[in-house]
Amino acid sequence: MTEMLLNRTSQPAAPLLTVLGDAQVPLARVHEICGPARRTLAVLWARAMEQGPVIWVQPAWAEDRLFPVGLQCWADPARFIWVHPRREVDVLWSLEEALRAGVGGVVVGDLPKPPGLTAVRRLHLAAEAGARLGGAPLAILLTPGAGGAPGVETRWHFAAMPWVDTGGAAPRFDEDIRMWQLERRRARMAPPAAWSVRAQVEAACISPLITRPASLSGAA
């Protein structure tokens, strides 16, 4: 038994993707994003990925869908592939197949509720299998409310703030500034953390994005 343990090869560390300042997420693993601005964060992560397609899987009966033309200020719409399964069972199957294909890029599951532990484990295995065939994919599950998918590598919460931080003075609303609160609420290899995300709106486009540490109040 001792000889077997000594000879066993260790798994290489997963490559990391830096998103929004110093926040990092490992590739070839499944991450959950919740909160009212969850789709915005997923698009920002897709922009940070740069390489590969963005396969966006969402049930055909979902009412709130992204408008491709509106993505132009955030990411290249030509990278996006929209998949709308008509049966609930086909949603997770489509995610597995997209991750296992080995094309890298980003695979997003825009879900009406968090999946169960078995489904998440299958998605982890599919992402790892895809990484062995080609580029390591970034797997994202979008869930409503506070999320809660079991077994995910990380869980993030993203929500807009309707005010501008004026450095200690009374906060004010500014139509040319966008502010979000980003929280890392769960991670296997990192503690909870929070960031304020600030963007300047120029000609209806968001540029650039700046992050700084924020209070952890509300993170769980």
# chains A, B, ... in the order shown; residues from 1 in each chain; ligands from 1
>>> select_by_dssp(residues="stretch 28-147 of chain A", states="alpha helix (DSSP H)", output="VMD selection string")
chain A and resid 38 to 49 88 to 100 117 to 133
>>> closest_atom_pairs(of="stretch 39-144 of chain A", to="stretch 13-21 of chain A", cutoff="8 Å", atoms="only C-alpha atoms", output="tab-separated table")
residue	atom	partner	partner_atom	distance
A:Leu44	CA	A:Val19	CA	7.8
A:Trp45	CA	A:Val19	CA	6.1
A:Ala48	CA	A:Val19	CA	6.1
A:Met49	CA	A:Leu17	CA	7.1
A:Ala136	CA	A:Pro15	CA	7.8
>>> write_last_selection(atoms="C-alpha atoms", output="mmCIF file, in the first residue's frame")
data_model
loop_
_atom_site.group_PDB
_atom_site.id
_atom_site.type_symbol
_atom_site.label_atom_id
_atom_site.label_comp_id
_atom_site.auth_asym_id
_atom_site.auth_seq_id
_atom_site.Cartn_x
_atom_site.Cartn_y
_atom_site.Cartn_z
ATOM 1 C CA LEU A 44 -17.473 39.783 -18.279
ATOM 2 C CA TRP A 45 -15.830 36.437 -17.524
ATOM 3 C CA ALA A 48 -11.699 37.797 -19.868
ATOM 4 C CA MET A 49 -11.412 34.275 -21.337
ATOM 5 C CA ALA A 136 -9.570 23.853 -20.521
#
>>> closest_residue(among="A:Ala28, A:Val103, A:Ala37, A:Val89", to="A:Val54", atoms="only C-alpha atoms")
A:Val103
>>> closest_atom_pairs(of="stretch 102-170 of chain A", to="stretch 192-199 of chain A", cutoff="10 Å", atoms="only C-alpha atoms", output="Markdown table")
| residue | atom | partner | partner_atom | distance |
| --- | --- | --- | --- | --- |
| A:Thr154 | CA | A:Pro192 | CA | 9.9 |
| A:Arg155 | CA | A:Pro192 | CA | 9.6 |
| A:Trp156 | CA | A:Ala194 | CA | 9.5 |
| A:His157 | CA | A:Ala194 | CA | 9.3 |
| A:Phe158 | CA | A:Val197 | CA | 9.7 |
| A:Ala159 | CA | A:Val197 | CA | 9.9 |
| A:Ala160 | CA | A:Val197 | CA | 9.1 |
| A:Met161 | CA | A:Ser196 | CA | 9.3 |
| A:Val164 | CA | A:Arg198 | CA | 8.6 |
| A:Asp165 | CA | A:Arg198 | CA | 9.2 |
>>> write_last_selection(atoms="all heavy atoms", output="PDB file, in the first residue's frame")
ATOM      1  N   THR A 154     -16.515  27.248  -6.932  1.00  0.00           N
ATOM      2  CA  THR A 154     -16.695  28.553  -6.299  1.00  0.00           C
ATOM      3  C   THR A 154     -18.137  29.013  -6.489  1.00  0.00           C
ATOM      4  O   THR A 154     -18.819  28.580  -7.422  1.00  0.00           O
ATOM      5  CB  THR A 154     -15.757  29.630  -6.899  1.00  0.00           C
ATOM      6  OG1 THR A 154     -16.082  29.825  -8.286  1.00  0.00           O
ATOM      7  CG2 THR A 154     -14.287  29.234  -6.772  1.00  0.00           C
ATOM      8  N   ARG A 155     -18.570  29.910  -5.600  1.00  0.00           N
ATOM      9  CA  ARG A 155     -19.881  30.546  -5.746  1.00  0.00           C
ATOM     10  C   ARG A 155     -19.686  32.054  -5.624  1.00  0.00           C
ATOM     11  O   ARG A 155     -19.046  32.530  -4.688  1.00  0.00           O
ATOM     12  CB  ARG A 155     -20.865  30.058  -4.685  1.00  0.00           C
ATOM     13  CG  ARG A 155     -22.234  30.747  -4.783  1.00  0.00           C
ATOM     14  CD  ARG A 155     -23.208  30.213  -3.748  1.00  0.00           C
ATOM     15  NE  ARG A 155     -23.451  28.792  -3.945  1.00  0.00           N
ATOM     16  CZ  ARG A 155     -23.181  27.861  -3.039  1.00  0.00           C
ATOM     17  NH1 ARG A 155     -22.671  28.206  -1.872  1.00  0.00           N
ATOM     18  NH2 ARG A 155     -23.406  26.582  -3.316  1.00  0.00           N
ATOM     19  N   TRP A 156     -20.250  32.794  -6.594  1.00  0.00           N
ATOM     20  CA  TRP A 156     -20.113  34.247  -6.641  1.00  0.00           C
ATOM     21  C   TRP A 156     -21.484  34.894  -6.669  1.00  0.00           C
ATOM     22  O   TRP A 156     -22.427  34.348  -7.251  1.00  0.00           O
ATOM     23  CB  TRP A 156     -19.337  34.665  -7.892  1.00  0.00           C
ATOM     24  CG  TRP A 156     -17.970  34.054  -7.984  1.00  0.00           C
ATOM     25  CD1 TRP A 156     -17.679  32.776  -8.363  1.00  0.00           C
ATOM     26  CD2 TRP A 156     -16.723  34.669  -7.682  1.00  0.00           C
ATOM     27  NE1 TRP A 156     -16.322  32.558  -8.320  1.00  0.00           N
ATOM     28  CE2 TRP A 156     -15.709  33.708  -7.905  1.00  0.00           C
ATOM     29  CE3 TRP A 156     -16.366  35.949  -7.258  1.00  0.00           C
ATOM     30  CZ2 TRP A 156     -14.352  33.997  -7.719  1.00  0.00           C
ATOM     31  CZ3 TRP A 156     -15.015  36.233  -7.069  1.00  0.00           C
ATOM     32  CH2 TRP A 156     -14.029  35.253  -7.293  1.00  0.00           C
ATOM     33  N   HIS A 157     -21.570  36.075  -6.060  1.00  0.00           N
ATOM     34  CA  HIS A 157     -22.799  36.867  -6.093  1.00  0.00           C
ATOM     35  C   HIS A 157     -22.460  38.218  -6.702  1.00  0.00           C
ATOM     36  O   HIS A 157     -21.470  38.853  -6.346  1.00  0.00           O
ATOM     37  CB  HIS A 157     -23.360  37.048  -4.676  1.00  0.00           C
ATOM     38  CG  HIS A 157     -24.676  37.751  -4.625  1.00  0.00           C
ATOM     39  ND1 HIS A 157     -24.775  39.138  -4.604  1.00  0.00           N
ATOM     40  CD2 HIS A 157     -25.958  37.279  -4.595  1.00  0.00           C
ATOM     41  CE1 HIS A 157     -26.051  39.481  -4.548  1.00  0.00           C
ATOM     42  NE2 HIS A 157     -26.789  38.378  -4.544  1.00  0.00           N
ATOM     43  N   PHE A 158     -23.296  38.668  -7.661  1.00  0.00           N
ATOM     44  CA  PHE A 158     -23.027  39.921  -8.372  1.00  0.00           C
ATOM     45  C   PHE A 158     -24.313  40.725  -8.434  1.00  0.00           C
ATOM     46  O   PHE A 158     -25.349  40.224  -8.896  1.00  0.00           O
ATOM     47  CB  PHE A 158     -22.517  39.626  -9.788  1.00  0.00           C
ATOM     48  CG  PHE A 158     -21.768  40.762 -10.423  1.00  0.00           C
ATOM     49  CD1 PHE A 158     -20.693  41.363  -9.794  1.00  0.00           C
ATOM     50  CD2 PHE A 158     -22.125  41.220 -11.687  1.00  0.00           C
ATOM     51  CE1 PHE A 158     -19.978  42.391 -10.391  1.00  0.00           C
ATOM     52  CE2 PHE A 158     -21.423  42.247 -12.302  1.00  0.00           C
ATOM     53  CZ  PHE A 158     -20.346  42.839 -11.646  1.00  0.00           C
ATOM     54  N   ALA A 159     -24.249  41.965  -7.945  1.00  0.00           N
ATOM     55  CA  ALA A 159     -25.443  42.812  -7.915  1.00  0.00           C
ATOM     56  C   ALA A 159     -25.047  44.257  -8.168  1.00  0.00           C
ATOM     57  O   ALA A 159     -23.991  44.716  -7.727  1.00  0.00           O
ATOM     58  CB  ALA A 159     -26.153  42.694  -6.569  1.00  0.00           C
ATOM     59  N   ALA A 160     -25.910  44.963  -8.877  1.00  0.00           N
ATOM     60  CA  ALA A 160     -25.660  46.376  -9.180  1.00  0.00           C
ATOM     61  C   ALA A 160     -25.932  47.232  -7.953  1.00  0.00           C
ATOM     62  O   ALA A 160     -26.782  46.918  -7.123  1.00  0.00           O
ATOM     63  CB  ALA A 160     -26.542  46.825 -10.346  1.00  0.00           C
ATOM     64  N   MET A 161     -25.190  48.341  -7.854  1.00  0.00           N
ATOM     65  CA  MET A 161     -25.412  49.330  -6.805  1.00  0.00           C
ATOM     66  C   MET A 161     -25.834  50.631  -7.474  1.00  0.00           C
ATOM     67  O   MET A 161     -25.155  51.110  -8.391  1.00  0.00           O
ATOM     68  CB  MET A 161     -24.146  49.544  -5.980  1.00  0.00           C
ATOM     69  CG  MET A 161     -23.721  48.314  -5.185  1.00  0.00           C
ATOM     70  SD  MET A 161     -22.346  48.651  -4.047  1.00  0.00           S
ATOM     71  CE  MET A 161     -21.017  48.974  -5.195  1.00  0.00           C
ATOM     72  N   VAL A 164     -22.893  55.986  -6.471  1.00  0.00           N
ATOM     73  CA  VAL A 164     -21.476  56.143  -6.776  1.00  0.00           C
ATOM     74  C   VAL A 164     -20.724  56.451  -5.502  1.00  0.00           C
ATOM     75  O   VAL A 164     -21.112  57.347  -4.739  1.00  0.00           O
ATOM     76  CB  VAL A 164     -21.249  57.267  -7.806  1.00  0.00           C
ATOM     77  CG1 VAL A 164     -19.769  57.505  -8.028  1.00  0.00           C
ATOM     78  CG2 VAL A 164     -21.934  56.922  -9.117  1.00  0.00           C
ATOM     79  N   ASP A 165     -19.653  55.732  -5.232  1.00  0.00           N
ATOM     80  CA  ASP A 165     -18.818  55.979  -4.067  1.00  0.00           C
ATOM     81  C   ASP A 165     -18.010  57.253  -4.298  1.00  0.00           C
ATOM     82  O   ASP A 165     -17.207  57.331  -5.221  1.00  0.00           O
ATOM     83  CB  ASP A 165     -17.883  54.780  -3.847  1.00  0.00           C
ATOM     84  CG  ASP A 165     -17.094  54.893  -2.557  1.00  0.00           C
ATOM     85  OD1 ASP A 165     -17.139  55.968  -1.918  1.00  0.00           O
ATOM     86  OD2 ASP A 165     -16.429  53.914  -2.196  1.00  0.00           O
TER      87      ASP A 165
END
>>> residues_around(residues="A:Ile33", least_positions_apart="3", cutoff="10 Å", atoms="only C-alpha atoms", output="PyMOL selection string")
chain A and resi 36-39+41-42+110+140-149+154-158+183-185
>>> write_last_selection(atoms="C-alpha atoms", output="mmCIF file, in the first residue's frame")
data_model
loop_
_atom_site.group_PDB
_atom_site.id
_atom_site.type_symbol
_atom_site.label_atom_id
_atom_site.label_comp_id
_atom_site.auth_asym_id
_atom_site.auth_seq_id
_atom_site.Cartn_x
_atom_site.Cartn_y
_atom_site.Cartn_z
ATOM 1 C CA PRO A 36 -29.543 39.875 -10.014
ATOM 2 C CA ALA A 37 -26.551 40.791 -12.228
ATOM 3 C CA ARG A 38 -25.333 37.207 -12.695
ATOM 4 C CA ARG A 39 -25.579 37.317 -16.499
ATOM 5 C CA LEU A 41 -20.725 38.830 -14.647
ATOM 6 C CA ALA A 42 -20.841 35.751 -16.896
ATOM 7 C CA ASP A 110 -28.482 29.675 -17.488
ATOM 8 C CA ILE A 140 -20.464 28.593 -15.261
ATOM 9 C CA LEU A 141 -23.847 27.853 -13.702
ATOM 10 C CA LEU A 142 -26.196 30.850 -13.438
ATOM 11 C CA THR A 143 -28.773 30.349 -10.683
ATOM 12 C CA PRO A 144 -31.463 32.694 -9.316
ATOM 13 C CA GLY A 145 -31.563 34.227 -5.856
ATOM 14 C CA ALA A 146 -28.712 33.263 -3.548
ATOM 15 C CA GLY A 147 -27.828 30.182 -5.593
ATOM 16 C CA GLY A 148 -26.902 27.069 -3.667
ATOM 17 C CA ALA A 149 -25.705 24.449 -6.159
ATOM 18 C CA THR A 154 -16.695 28.553 -6.299
ATOM 19 C CA ARG A 155 -19.881 30.546 -5.746
ATOM 20 C CA TRP A 156 -20.113 34.247 -6.641
ATOM 21 C CA HIS A 157 -22.799 36.867 -6.093
ATOM 22 C CA PHE A 158 -23.027 39.921 -8.372
ATOM 23 C CA GLU A 183 -18.761 38.690 -3.584
ATOM 24 C CA ARG A 184 -16.924 35.391 -3.503
ATOM 25 C CA ARG A 185 -19.193 33.513 -1.143
#
>>> select_by_dssp(residues="stretch 43-198 of chain A", states="strand (DSSP E or B)", output="JSON, numbers by chain")
{"A": [54, 55, 56, 57, 80, 81, 82, 83, 103, 106, 107, 108, 109, 110, 135, 138, 139, 140, 141, 142, 154, 155, 156, 157, 158, 159, 160, 161, 164, 172, 177, 178, 179, 180, 181, 182, 183, 184, 185, 186, 187, 193, 194, 195, 196, 197, 198]}
>>> closest_residue(among="A:His31, A:Arg47, A:Arg87, A:Arg65", to="A:Val108", atoms="only C-alpha atoms")
A:His31
>>> residues_around(residues="A:Thr118", least_positions_apart="5", cutoff="9 Å", atoms="only C-alpha atoms", output="ChimeraX atom specification")
/A:123,150-151
>>> write_last_selection(atoms="C-alpha atoms", output="compact mmCIF listing (two decimals), in the first residue's frame")
# COMPACT_ATOMS: atom_id res chain seq x y z
CA LEU A 123 -20.26 18.51 -15.05
CA PRO A 150 -23.81 21.81 -4.11
CA GLY A 151 -20.30 20.74 -5.03
>>> atom_distance(atom1="atom CA of A:Leu27", atom2="atom CA of A:Asp64")
27.3 Å
>>> residues_around(residues="A:Ala129", least_positions_apart="2", cutoff="9 Å", atoms="only C-alpha atoms", output="PyMOL selection string")
chain A and resi 28+99-102+124-127+131-133
>>> closest_residue(among="A:Cys34, A:Leu66, A:Met179, A:Leu71", to="A:Pro112", atoms="only C-alpha atoms")
A:Cys34
>>> closest_residue(among="A:Gly109, A:Gly135, A:Gly70, A:Pro77", to="A:Asp90", atoms="only C-alpha atoms")
A:Gly109
